[in-house]
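See below for my_file.txt, which holds compact mmCIF, C-alpha atoms and all ligand atoms.
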# COMPACT_ATOMS: atom_id res chain seq x y z
CA MET A 1010 -23.73 176.55 -29.46
CA SER A 1011 -22.13 179.33 -27.48
CA SER A 1012 -22.69 181.25 -24.28
CA GLN A 1013 -25.61 181.12 -21.90
CA PRO A 1014 -27.64 184.35 -21.80
CA ASP A 1015 -27.20 186.61 -18.80
CA ILE A 1016 -30.86 186.28 -17.92
CA LYS A 1017 -31.38 188.21 -14.72
CA ALA A 1018 -33.39 191.40 -14.83
CA PRO A 1019 -34.24 193.53 -11.77
CA SER A 1020 -37.03 191.70 -10.00
CA ASP A 1021 -40.48 193.07 -9.31
CA PRO A 1022 -41.81 191.24 -6.27
CA GLY A 1023 -45.31 192.58 -6.94
CA ARG A 1024 -45.88 190.66 -10.18
CA LEU A 1025 -45.87 187.00 -11.11
CA PRO A 1026 -44.11 185.90 -14.29
CA MET A 1027 -46.52 185.25 -17.16
CA THR A 1028 -47.07 181.58 -17.95
CA LEU A 1029 -49.06 179.73 -20.61
CA PRO A 1030 -51.76 178.61 -18.12
CA ILE A 1031 -52.17 182.23 -16.91
CA LEU A 1032 -52.47 183.34 -20.54
CA ALA A 1033 -55.16 180.73 -21.26
CA GLU A 1034 -56.97 181.81 -18.08
CA LYS A 1035 -56.91 185.43 -19.24
CA LYS A 1036 -58.68 184.36 -22.42
CA ARG A 1037 -61.23 182.36 -20.44
CA LEU A 1038 -61.94 185.35 -18.18
CA GLY A 1039 -62.07 187.78 -21.11
CA GLU A 1040 -59.18 189.84 -19.70
CA PRO A 1041 -57.45 191.71 -22.56
CA ILE A 1042 -53.91 190.47 -23.23
CA VAL A 1043 -51.28 193.14 -23.89
CA MET A 1044 -48.33 192.37 -26.17
CA VAL A 1045 -45.64 194.67 -27.53
CA THR A 1046 -42.43 194.17 -29.47
CA ALA A 1047 -39.00 195.01 -28.02
CA TYR A 1048 -35.54 194.84 -29.54
CA ASP A 1049 -33.11 196.02 -26.84
CA TYR A 1050 -32.67 196.62 -23.11
CA PRO A 1051 -34.45 200.01 -22.88
CA SER A 1052 -37.50 198.83 -24.84
CA ALA A 1053 -37.64 195.72 -22.65
CA ARG A 1054 -37.50 197.89 -19.49
CA ALA A 1055 -40.37 200.00 -20.86
CA ALA A 1056 -42.43 196.85 -21.47
CA GLU A 1057 -41.58 195.52 -18.02
CA SER A 1058 -42.47 198.76 -16.27
CA ALA A 1059 -45.78 199.00 -18.16
CA GLY A 1060 -46.65 195.49 -16.95
CA VAL A 1061 -47.40 194.04 -20.39
CA ASP A 1062 -48.16 190.32 -20.63
CA LEU A 1063 -46.17 189.29 -23.71
CA VAL A 1064 -43.04 190.71 -25.31
CA LEU A 1065 -42.08 189.73 -28.85
CA VAL A 1066 -38.60 190.16 -30.22
CA GLY A 1067 -40.14 190.54 -33.65
CA ASP A 1068 -38.35 190.15 -36.94
CA SER A 1069 -39.81 193.63 -37.50
CA ALA A 1070 -36.41 194.49 -35.98
CA ALA A 1071 -35.23 194.30 -39.59
CA THR A 1072 -37.10 197.49 -40.43
CA THR A 1073 -37.41 199.19 -37.03
CA VAL A 1074 -33.81 198.98 -35.79
CA LEU A 1075 -31.65 197.54 -38.58
CA GLY A 1076 -32.81 199.82 -41.39
CA TYR A 1077 -33.87 197.21 -43.96
CA SER A 1078 -36.95 197.84 -46.08
CA ALA A 1079 -38.39 194.35 -45.39
CA THR A 1080 -38.19 191.69 -42.68
CA THR A 1081 -36.63 189.01 -44.89
CA PRO A 1082 -32.93 190.02 -44.58
CA VAL A 1083 -32.68 189.78 -40.78
CA LEU A 1084 -30.45 186.90 -39.67
CA LEU A 1085 -30.92 184.45 -36.85
CA GLU A 1086 -27.63 185.76 -35.41
CA ASP A 1087 -29.08 189.32 -35.42
CA MET A 1088 -32.22 188.10 -33.66
CA LEU A 1089 -30.18 186.30 -31.01
CA VAL A 1090 -28.21 189.46 -30.17
CA LEU A 1091 -31.40 191.52 -29.87
CA ALA A 1092 -33.29 188.86 -27.91
CA ARG A 1093 -30.44 188.56 -25.37
CA ALA A 1094 -30.60 192.30 -24.73
CA VAL A 1095 -34.38 192.12 -24.29
CA ARG A 1096 -34.03 189.14 -21.94
CA ARG A 1097 -31.73 191.17 -19.68
CA GLY A 1098 -34.43 193.81 -19.32
CA LEU A 1099 -37.40 191.53 -18.63
CA LYS A 1100 -38.60 189.71 -15.59
CA THR A 1101 -42.34 189.09 -15.78
CA PRO A 1102 -43.68 189.12 -19.36
CA LEU A 1103 -43.44 185.96 -21.44
CA LEU A 1104 -40.61 186.45 -23.93
CA ILE A 1105 -41.37 185.34 -27.49
CA GLY A 1106 -38.59 184.97 -30.04
CA ASP A 1107 -39.64 185.42 -33.68
CA LEU A 1108 -38.06 182.90 -36.06
CA PRO A 1109 -36.66 184.91 -38.97
CA PHE A 1110 -37.22 184.10 -42.63
CA GLY A 1111 -35.06 181.20 -43.79
CA SER A 1112 -34.38 179.86 -40.29
CA TYR A 1113 -37.19 177.26 -40.06
CA GLU A 1114 -38.71 176.52 -43.47
CA VAL A 1115 -36.11 174.06 -44.82
CA SER A 1116 -36.79 171.08 -42.54
CA ASP A 1117 -38.20 170.10 -39.16
CA GLU A 1118 -34.63 169.67 -37.99
CA GLN A 1119 -33.73 173.22 -39.02
CA ALA A 1120 -36.85 174.57 -37.28
CA ILE A 1121 -36.13 172.71 -34.03
CA THR A 1122 -32.46 173.75 -34.05
CA THR A 1123 -33.38 177.41 -34.58
CA ALA A 1124 -36.07 177.35 -31.89
CA MET A 1125 -33.64 175.74 -29.44
CA ARG A 1126 -31.05 178.45 -30.10
CA MET A 1127 -33.66 181.09 -29.31
CA ILE A 1128 -34.34 179.36 -26.00
CA LYS A 1129 -30.81 178.34 -25.02
CA GLU A 1130 -28.75 181.24 -26.34
CA ALA A 1131 -31.17 184.15 -25.93
CA GLY A 1132 -33.32 183.01 -23.01
CA CYS A 1133 -36.63 183.25 -24.89
CA ASP A 1134 -39.53 181.38 -23.28
CA VAL A 1135 -41.30 180.45 -26.51
CA VAL A 1136 -41.03 181.12 -30.25
CA LYS A 1137 -43.28 182.44 -33.02
CA LEU A 1138 -43.34 181.50 -36.67
CA GLU A 1139 -45.30 182.86 -39.62
CA GLY A 1140 -47.88 181.16 -41.81
CA GLY A 1141 -50.59 178.55 -41.49
CA GLY A 1142 -49.91 176.57 -44.65
CA GLU A 1143 -48.94 172.91 -44.60
CA ALA A 1144 -45.20 173.54 -44.21
CA SER A 1145 -45.53 176.10 -41.38
CA VAL A 1146 -47.97 173.85 -39.52
CA ARG A 1147 -45.57 170.92 -39.87
CA ARG A 1148 -42.69 173.03 -38.49
CA ALA A 1149 -44.85 174.27 -35.61
CA ARG A 1150 -45.76 170.68 -34.74
CA ALA A 1151 -42.11 169.62 -34.84
CA ILE A 1152 -40.96 172.46 -32.55
CA ILE A 1153 -43.81 171.78 -30.11
CA GLY A 1154 -42.87 168.10 -30.23
CA ALA A 1155 -39.38 169.10 -29.13
CA GLY A 1156 -40.86 170.77 -26.06
CA ILE A 1157 -40.89 174.41 -27.15
CA PRO A 1158 -44.24 176.25 -27.21
CA VAL A 1159 -45.08 178.00 -30.48
CA MET A 1160 -47.18 181.06 -31.29
CA GLY A 1161 -48.68 181.03 -34.80
CA HIS A 1162 -49.23 184.02 -37.10
CA VAL A 1163 -51.81 184.27 -39.91
CA GLY A 1164 -53.27 186.96 -42.17
CA LEU A 1165 -50.59 189.36 -43.35
CA THR A 1166 -47.33 187.49 -42.81
CA PRO A 1167 -44.60 190.00 -43.74
CA GLN A 1168 -41.94 187.35 -44.47
CA THR A 1169 -44.05 186.14 -47.41
CA SER A 1170 -45.77 189.42 -48.28
CA THR A 1171 -44.50 189.28 -51.87
CA ALA A 1172 -46.33 185.99 -52.38
CA LEU A 1173 -49.41 187.51 -50.72
CA GLY A 1174 -49.51 190.30 -53.29
CA GLY A 1175 -47.86 193.00 -51.20
CA TRP A 1176 -48.08 194.60 -47.80
CA LYS A 1177 -51.88 194.78 -47.54
CA ALA A 1178 -54.85 193.52 -45.55
CA GLN A 1179 -55.71 189.86 -46.04
CA GLY A 1180 -59.00 187.91 -45.94
CA ARG A 1181 -61.09 190.46 -47.80
CA THR A 1182 -62.99 187.87 -49.83
CA ALA A 1183 -65.01 184.98 -48.41
CA ALA A 1184 -62.55 182.47 -49.87
CA ALA A 1185 -59.49 184.30 -48.52
CA ALA A 1186 -61.07 184.66 -45.08
CA ALA A 1187 -62.01 180.96 -45.05
CA LYS A 1188 -58.39 180.14 -45.84
CA ILE A 1189 -57.24 182.19 -42.85
CA ALA A 1190 -59.75 180.30 -40.68
CA GLU A 1191 -58.43 176.99 -41.98
CA GLU A 1192 -54.84 178.03 -41.26
CA ALA A 1193 -55.62 179.26 -37.75
CA LEU A 1194 -57.43 176.01 -36.95
CA ALA A 1195 -54.54 173.97 -38.33
CA LEU A 1196 -52.05 175.88 -36.13
CA GLN A 1197 -54.35 175.35 -33.15
CA ASP A 1198 -54.58 171.61 -33.93
CA ALA A 1199 -50.79 171.48 -34.17
CA GLY A 1200 -50.69 172.69 -30.56
CA CYS A 1201 -49.85 176.41 -30.89
CA PHE A 1202 -50.52 178.14 -27.55
CA ALA A 1203 -51.67 181.38 -29.23
CA ILE A 1204 -52.06 182.89 -32.70
CA VAL A 1205 -51.40 186.38 -34.09
CA PHE A 1206 -54.01 187.71 -36.55
CA GLU A 1207 -52.46 190.48 -38.66
CA ALA A 1208 -54.26 192.92 -40.96
CA ILE A 1209 -57.59 191.15 -41.25
CA PRO A 1210 -60.99 192.92 -41.51
CA ALA A 1211 -62.53 193.31 -38.03
CA ALA A 1212 -65.74 191.57 -39.15
CA VAL A 1213 -63.76 188.54 -40.35
CA THR A 1214 -61.98 188.34 -36.97
CA GLU A 1215 -65.38 188.44 -35.25
CA GLU A 1216 -66.57 185.50 -37.38
CA LEU A 1217 -63.45 183.47 -36.60
CA MET A 1218 -63.08 184.14 -32.89
CA PRO A 1219 -65.78 181.72 -31.64
CA ARG A 1220 -63.97 178.93 -33.50
CA ILE A 1221 -60.53 179.51 -31.92
CA GLU A 1222 -59.87 178.12 -28.46
CA VAL A 1223 -56.36 179.50 -27.91
CA PRO A 1224 -55.64 183.20 -27.24
CA VAL A 1225 -55.70 185.31 -30.41
CA ILE A 1226 -53.58 188.47 -30.45
CA GLY A 1227 -54.53 191.00 -33.09
CA ILE A 1228 -52.59 193.63 -34.97
CA GLY A 1229 -54.88 195.42 -37.39
CA ALA A 1230 -57.52 192.74 -36.81
CA GLY A 1231 -60.10 194.78 -34.89
CA PRO A 1232 -61.24 194.68 -31.27
CA ALA A 1233 -62.67 191.12 -31.11
CA THR A 1234 -59.35 189.38 -30.43
CA ASP A 1235 -58.22 188.34 -26.94
CA GLY A 1236 -55.38 190.84 -27.01
CA GLN A 1237 -53.50 193.37 -29.09
CA VAL A 1238 -49.90 193.75 -30.21
CA LEU A 1239 -48.18 196.82 -31.62
CA VAL A 1240 -44.65 197.38 -32.80
CA PHE A 1241 -42.74 199.44 -30.20
CA HIS A 1242 -41.38 201.91 -32.74
CA ASP A 1243 -44.83 202.43 -34.31
CA LEU A 1244 -46.65 203.14 -31.08
CA LEU A 1245 -43.96 205.52 -29.83
CA GLY A 1246 -43.41 207.27 -33.16
CA ILE A 1247 -39.76 206.22 -33.53
CA ARG A 1248 -40.04 206.20 -37.29
CA ASP A 1249 -40.57 208.41 -40.29
CA GLY A 1250 -44.18 208.53 -41.43
CA LEU A 1251 -47.28 207.31 -39.67
CA GLY A 1252 -47.07 203.59 -40.45
CA PRO A 1253 -49.98 201.26 -41.17
CA ARG A 1254 -53.63 202.27 -40.66
CA PHE A 1255 -53.98 200.19 -37.50
CA VAL A 1256 -51.23 201.99 -35.58
CA LYS A 1257 -52.24 204.28 -32.75
CA ARG A 1258 -49.37 206.61 -31.89
CA TYR A 1259 -48.82 207.29 -28.18
CA ALA A 1260 -45.70 209.48 -28.47
CA ASN A 1261 -43.55 211.15 -31.09
CA LEU A 1262 -40.08 210.09 -29.97
CA GLN A 1263 -38.40 210.34 -33.37
CA GLN A 1264 -39.12 214.06 -33.38
CA GLU A 1265 -37.94 214.37 -29.77
CA MET A 1266 -34.74 212.49 -30.62
CA ASN A 1267 -34.12 214.66 -33.67
CA GLU A 1268 -34.66 217.81 -31.61
CA GLY A 1269 -32.44 216.55 -28.76
CA VAL A 1270 -29.49 215.71 -31.02
CA ALA A 1271 -29.91 219.00 -32.92
CA ALA A 1272 -29.87 220.96 -29.63
CA TYR A 1273 -26.69 219.13 -28.54
CA ALA A 1274 -25.02 219.88 -31.90
CA GLU A 1275 -25.98 223.54 -31.57
CA ASP A 1276 -24.61 223.71 -27.99
CA VAL A 1277 -21.26 222.21 -29.02
CA ARG A 1278 -20.96 224.57 -31.98
CA THR A 1279 -21.78 227.64 -29.89
CA GLY A 1280 -19.67 226.63 -26.86
CA ARG A 1281 -22.68 226.24 -24.54
CA TYR A 1282 -21.67 222.62 -23.89
CA PRO A 1283 -19.85 221.53 -21.81
CA GLY A 1284 -20.53 223.98 -18.96
CA PRO A 1285 -18.71 224.08 -15.60
CA GLU A 1286 -21.25 221.63 -14.17
CA HIS A 1287 -20.12 218.98 -16.70
CA THR A 1288 -16.39 219.17 -15.93
CA TYR A 1289 -14.13 217.48 -13.33
CA LYS A 1290 -12.14 219.49 -10.77
CA ILE A 1291 -8.50 219.20 -9.66
CA ASP A 1292 -6.97 220.49 -6.44
CA PRO A 1293 -5.19 223.86 -7.19
CA SER A 1294 -1.93 222.62 -5.59
CA GLU A 1295 -1.93 219.59 -7.90
CA LEU A 1296 -2.54 221.89 -10.83
CA ALA A 1297 0.36 224.14 -9.80
CA GLU A 1298 2.61 221.08 -9.58
CA LEU A 1299 1.48 219.98 -13.02
CA HIS A 1300 2.35 223.45 -14.39
CA ALA A 1301 5.82 223.10 -12.92
CA LEU A 1302 6.26 219.59 -14.30
CA LEU A 1303 5.22 220.65 -17.79
CA ARG A 1304 7.60 223.63 -17.73
O1 LIG B 1 -42.26 190.96 -36.18
C1 LIG B 1 -43.22 191.48 -35.58
O2 LIG B 1 -43.12 192.57 -35.00
C2 LIG B 1 -44.50 190.77 -35.60
C3 LIG B 1 -45.66 191.46 -34.98
C4 LIG B 1 -46.17 192.50 -35.87
C5 LIG B 1 -46.72 190.51 -34.59
O3 LIG B 1 -44.56 189.70 -36.10
Spit out the file's structure as structure tokens when you get a sec.
Amino acid sequence: MSSQPDIKAPSDPGRLPMTLPILAEKKRLGEPIVMVTAYDYPSARAAESAGVDLVLVGDSAATTVLGYSATTPVLLEDMLVLARAVRRGLKTPLLIGDLPFGSYEVSDEQAITTAMRMIKEAGCDVVKLEGGGEASVRRARAIIGAGIPVMGHVGLTPQTSTALGGWKAQGRTAAAAAKIAEEALALQDAGCFAIVFEAIPAAVTEELMPRIEVPVIGIGAGPATDGQVLVFHDLLGIRDGLGPRFVKRYANLQQEMNEGVAAYAEDVRTGRYPGPEHTYKIDPSELAELHALLR
């Protein structure tokens, strides 16, 4: 294992770092929990300045920042680079490292080794893994047994979306919803400190919530969960197209970026950039001497 992460972010004396007991207390008090994804230093600084509770370095990085069409290709090494950058920008939110596809399924040993790398090499506080089937629950239990808290994830689990029949809402029949309930309870029994519910009908979430004791964070799971998570690039419109139904867009940064780069290109082509205010000066006597030297 290589270098230690450079962990220090600018401190905010006004806010206490998020901890698992504070998170559980938020659920008990019914205080909504705010979670967002981040993949680099600027997105981490935005999350920090907004005072969110949880930041996930999601494997959605595969599609949002690495340009893949699915989450499965992203490598653990990619996730470590991104998570380190996020760590440098965060002080108070709990930092969750997503375990990418293929980095935890093979054995308990593989899962523990991967989770430890996320903690030791990227400075994550905790990890998240997808699925509530027997194998995922076993891996969650193993990682927790090694002293690393785990967040579970049920419903639409993008790493296995092909097996789920595609990128679509889950739990839309009684049997499918009961299976999600069973999986969430199994993750809770394994000791997960929180669980993500993704793309589940709101009424199903409402049925399940009274049965779950740990904080539930929803994404496309309706308003009954203890908190919400959105993908940074979805909520800020740094993407082509609108994204899934559950996304609420708070900005349109892709358009602003496109316009900004186009304006720069136009300025260079027309000679409007750089202007005198963008250039460095030299003392006229030095310039005269340079003229002489070059002659
Ligand atoms: O990878 C990710 O961004 C996620 C969230 C959607 C929960 O898993």
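For the set A:Tyr1259, A:Tyr1048, A:Tyr1077, A:Tyr1289, the residue with the smallest atom-to-atom gap to ligand LIG 1 (chain B) is A:Tyr1048, counting all atoms listed in the file.
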If you take all atoms listed in the file and a cut-off of 10 Å, which residues of chain A touch ligand LIG 1 (chain B), and what are their nearest atom pairs and distances in Å to one decimal, in chain and number order, as JSON lines?
{"residue": "A:Met1044", "atom": "CA", "partner": "B:LIG1", "partner_atom": "C5", "distance": 8.8}
{"residue": "A:Val1045", "atom": "CA", "partner": "B:LIG1", "partner_atom": "C3", "distance": 8.1}
{"residue": "A:Thr1046", "atom": "CA", "partner": "B:LIG1", "partner_atom": "O2", "distance": 5.8}
{"residue": "A:Ala1047", "atom": "CA", "partner": "B:LIG1", "partner_atom": "O2", "distance": 8.5}
{"residue": "A:Tyr1048", "atom": "CA", "partner": "B:LIG1", "partner_atom": "O2", "distance": 9.6}
{"residue": "A:Val1064", "atom": "CA", "partner": "B:LIG1", "partner_atom": "O2", "distance": 9.9}
{"residue": "A:Leu1065", "atom": "CA", "partner": "B:LIG1", "partner_atom": "O2", "distance": 6.9}
{"residue": "A:Val1066", "atom": "CA", "partner": "B:LIG1", "partner_atom": "O2", "distance": 7.0}
{"residue": "A:Gly1067", "atom": "CA", "partner": "B:LIG1", "partner_atom": "O1", "distance": 3.3}
{"residue": "A:Asp1068", "atom": "CA", "partner": "B:LIG1", "partner_atom": "O1", "distance": 4.1}
{"residue": "A:Ser1069", "atom": "CA", "partner": "B:LIG1", "partner_atom": "O1", "distance": 3.9}
{"residue": "A:Ala1070", "atom": "CA", "partner": "B:LIG1", "partner_atom": "O1", "distance": 6.8}
{"residue": "A:Ala1071", "atom": "CA", "partner": "B:LIG1", "partner_atom": "O1", "distance": 8.5}
{"residue": "A:Thr1072", "atom": "CA", "partner": "B:LIG1", "partner_atom": "O1", "distance": 9.3}
{"residue": "A:Thr1073", "atom": "CA", "partner": "B:LIG1", "partner_atom": "O2", "distance": 9.0}
{"residue": "A:Thr1080", "atom": "CA", "partner": "B:LIG1", "partner_atom": "O1", "distance": 7.7}
{"residue": "A:Gly1106", "atom": "CA", "partner": "B:LIG1", "partner_atom": "O1", "distance": 9.3}
{"residue": "A:Asp1107", "atom": "CA", "partner": "B:LIG1", "partner_atom": "O1", "distance": 6.6}
{"residue": "A:Leu1108", "atom": "CA", "partner": "B:LIG1", "partner_atom": "O1", "distance": 9.1}
{"residue": "A:Pro1109", "atom": "CA", "partner": "B:LIG1", "partner_atom": "O1", "distance": 8.7}
{"residue": "A:Lys1137", "atom": "CA", "partner": "B:LIG1", "partner_atom": "O3", "distance": 8.0}
{"residue": "A:Leu1138", "atom": "CA", "partner": "B:LIG1", "partner_atom": "O3", "distance": 8.3}
{"residue": "A:Glu1139", "atom": "CA", "partner": "B:LIG1", "partner_atom": "O3", "distance": 7.7}
{"residue": "A:Gly1161", "atom": "CA", "partner": "B:LIG1", "partner_atom": "C5", "distance": 9.7}
{"residue": "A:His1162", "atom": "CA", "partner": "B:LIG1", "partner_atom": "C5", "distance": 7.4}
{"residue": "A:Val1163", "atom": "CA", "partner": "B:LIG1", "partner_atom": "C5", "distance": 9.7}
{"residue": "A:Leu1165", "atom": "CA", "partner": "B:LIG1", "partner_atom": "C4", "distance": 9.2}
{"residue": "A:Thr1166", "atom": "CA", "partner": "B:LIG1", "partner_atom": "O3", "distance": 7.6}
{"residue": "A:Pro1167", "atom": "CA", "partner": "B:LIG1", "partner_atom": "O3", "distance": 7.6}
{"residue": "A:Gln1168", "atom": "CA", "partner": "B:LIG1", "partner_atom": "O1", "distance": 9.0}
{"residue": "A:Ile1204", "atom": "CA", "partner": "B:LIG1", "partner_atom": "C5", "distance": 9.5}
{"residue": "A:Val1205", "atom": "CA", "partner": "B:LIG1", "partner_atom": "C5", "distance": 6.3}
{"residue": "A:Phe1206", "atom": "CA", "partner": "B:LIG1", "partner_atom": "C5", "distance": 8.1}
{"residue": "A:Glu1207", "atom": "CA", "partner": "B:LIG1", "partner_atom": "C5", "distance": 7.0}
{"residue": "A:Ala1208", "atom": "CA", "partner": "B:LIG1", "partner_atom": "C4", "distance": 9.6}
{"residue": "A:Ile1226", "atom": "CA", "partner": "B:LIG1", "partner_atom": "C5", "distance": 8.3}
{"residue": "A:Gly1227", "atom": "CA", "partner": "B:LIG1", "partner_atom": "C5", "distance": 8.0}
{"residue": "A:Ile1228", "atom": "CA", "partner": "B:LIG1", "partner_atom": "C4", "distance": 6.6}
{"residue": "A:Gly1229", "atom": "CA", "partner": "B:LIG1", "partner_atom": "C4", "distance": 9.3}
{"residue": "A:Gln1237", "atom": "CA", "partner": "B:LIG1", "partner_atom": "C5", "distance": 9.2}
{"residue": "A:Val1238", "atom": "CA", "partner": "B:LIG1", "partner_atom": "C5", "distance": 6.3}
{"residue": "A:Leu1239", "atom": "CA", "partner": "B:LIG1", "partner_atom": "C4", "distance": 6.4}
{"residue": "A:Val1240", "atom": "CA", "partner": "B:LIG1", "partner_atom": "O2", "distance": 5.5}
{"residue": "A:Phe1241", "atom": "CA", "partner": "B:LIG1", "partner_atom": "O2", "distance": 8.4}
{"residue": "A:His1242", "atom": "CA", "partner": "B:LIG1", "partner_atom": "O2", "distance": 9.8}
Could you work out an axis-aligned bounding box for all listed atoms of stretch 1026-1038 of chain A, with 3 Å added on each of the six sides, and give its centre and edge lengths in Å to one decimal, as lines of an AutoDock Vina configuration file?
center_x = -53.0
center_y = 182.3
center_z = -18.4
size_x = 23.8
size_y = 13.3
size_z = 14.1
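Each of A:Ile1121, A:Met1218, A:Leu1032, A:Val1213 was compared to A:Ala1187 using only C-alpha atoms, and A:Val1213 turns out to be the nearest.
Nearest residue to A:Ile1042, choosing from A:Pro1224, A:Gly1236, A:Ala1199, A:Glu1286 and counting only C-alpha atoms: A:Gly1236.
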Which residues come within 10 Å of A:Gly1142, counting all atoms listed in the file, excluding same-chain residues fewer than 2 positions away, as a compact mmCIF listing (two decimals) with C-alpha atoms, keeping the file's coordinate frame?
# COMPACT_ATOMS: atom_id res chain seq x y z
CA GLU A 1139 -45.30 182.86 -39.62
CA GLY A 1140 -47.88 181.16 -41.81
CA ALA A 1144 -45.20 173.54 -44.21
CA SER A 1145 -45.53 176.10 -41.38
CA VAL A 1146 -47.97 173.85 -39.52
CA ARG A 1147 -45.57 170.92 -39.87
CA VAL A 1163 -51.81 184.27 -39.91
CA LYS A 1188 -58.39 180.14 -45.84
CA ILE A 1189 -57.24 182.19 -42.85
CA GLU A 1191 -58.43 176.99 -41.98
CA GLU A 1192 -54.84 178.03 -41.26
CA ALA A 1193 -55.62 179.26 -37.75
CA ALA A 1195 -54.54 173.97 -38.33
CA LEU A 1196 -52.05 175.88 -36.13
Margin query: As an exercise, work out the distance from atom CA of A:Arg1258 to atom CA of A:Leu1103 in Å and give it to one decimal place.
Written below: 23.9 Å
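Put simply, atom CA of A:Arg1096 is 11.7 Å away from atom CA of A:Lys1129.
Each of A:Ala1184, A:Met1027, A:Leu1084, A:Val1225 was compared to A:Leu1099 using all atoms listed in the file, and A:Met1027 turns out to be the nearest.
Checking A:Ala1120, A:Tyr1282, A:Pro1210, A:Thr1234 one by one against A:Ala1185, counting all atoms listed in the file, you find the shortest gap at A:Pro1210.
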Check: Nearest to A:Arg1037 among A:Trp1176, A:Asp1134, A:Ser1112, A:Asp1235, with distances taken over all atoms listed in the file: which residue is it?
Finding: A:Asp1235
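The coordinates place atom CA of A:Ile1247 at 28.4 Å from atom CA of A:Ile1128.
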Could you add whatever atoms are missing so that stretch 1064-1080 of chain A carries N, CA and C atoms, then write the result as a CSV table (one decimal), in the frame of the given file?
chain,number,residue,atom,x,y,z
A,1064,VAL,N,-44.0,189.9,-24.6
A,1064,VAL,CA,-43.0,190.7,-25.3
A,1064,VAL,C,-42.5,189.9,-26.5
A,1065,LEU,N,-42.6,190.4,-27.7
A,1065,LEU,CA,-42.1,189.7,-28.8
A,1065,LEU,C,-40.8,190.4,-29.4
A,1066,VAL,N,-39.8,189.7,-29.5
A,1066,VAL,CA,-38.6,190.2,-30.2
A,1066,VAL,C,-38.9,189.8,-31.7
A,1067,GLY,N,-39.6,190.8,-32.3
A,1067,GLY,CA,-40.1,190.5,-33.6
A,1067,GLY,C,-39.1,190.7,-34.7
A,1068,ASP,N,-39.3,190.0,-35.8
A,1068,ASP,CA,-38.4,190.2,-36.9
A,1068,ASP,C,-38.6,191.5,-37.6
A,1069,SER,N,-39.6,192.2,-37.1
A,1069,SER,CA,-39.8,193.6,-37.5
A,1069,SER,C,-38.6,194.4,-37.1
A,1070,ALA,N,-37.7,193.9,-36.3
A,1070,ALA,CA,-36.4,194.5,-36.0
A,1070,ALA,C,-35.7,194.8,-37.3
A,1071,ALA,N,-35.9,194.0,-38.3
A,1071,ALA,CA,-35.2,194.3,-39.6
A,1071,ALA,C,-35.5,195.7,-40.1
A,1072,THR,N,-36.7,196.1,-40.0
A,1072,THR,CA,-37.1,197.5,-40.4
A,1072,THR,C,-37.0,198.5,-39.3
A,1073,THR,N,-37.3,198.2,-38.1
A,1073,THR,CA,-37.4,199.2,-37.0
A,1073,THR,C,-36.0,199.6,-36.5
A,1074,VAL,N,-35.1,198.6,-36.4
A,1074,VAL,CA,-33.8,199.0,-35.8
A,1074,VAL,C,-32.6,198.7,-36.7
A,1075,LEU,N,-32.8,197.9,-37.7
A,1075,LEU,CA,-31.6,197.5,-38.6
A,1075,LEU,C,-31.7,198.3,-39.9
A,1076,GLY,N,-32.8,198.9,-40.2
A,1076,GLY,CA,-32.8,199.8,-41.4
A,1076,GLY,C,-33.1,199.1,-42.7
A,1077,TYR,N,-33.5,197.9,-42.7
A,1077,TYR,CA,-33.9,197.2,-44.0
A,1077,TYR,C,-35.3,197.7,-44.4
A,1078,SER,N,-35.6,197.4,-45.6
A,1078,SER,CA,-37.0,197.8,-46.1
A,1078,SER,C,-38.0,196.7,-46.0
A,1079,ALA,N,-37.5,195.5,-45.6
A,1079,ALA,CA,-38.4,194.4,-45.4
A,1079,ALA,C,-37.9,193.5,-44.2
A,1080,THR,N,-38.6,192.5,-43.8
A,1080,THR,CA,-38.2,191.7,-42.7
A,1080,THR,C,-37.3,190.5,-43.1
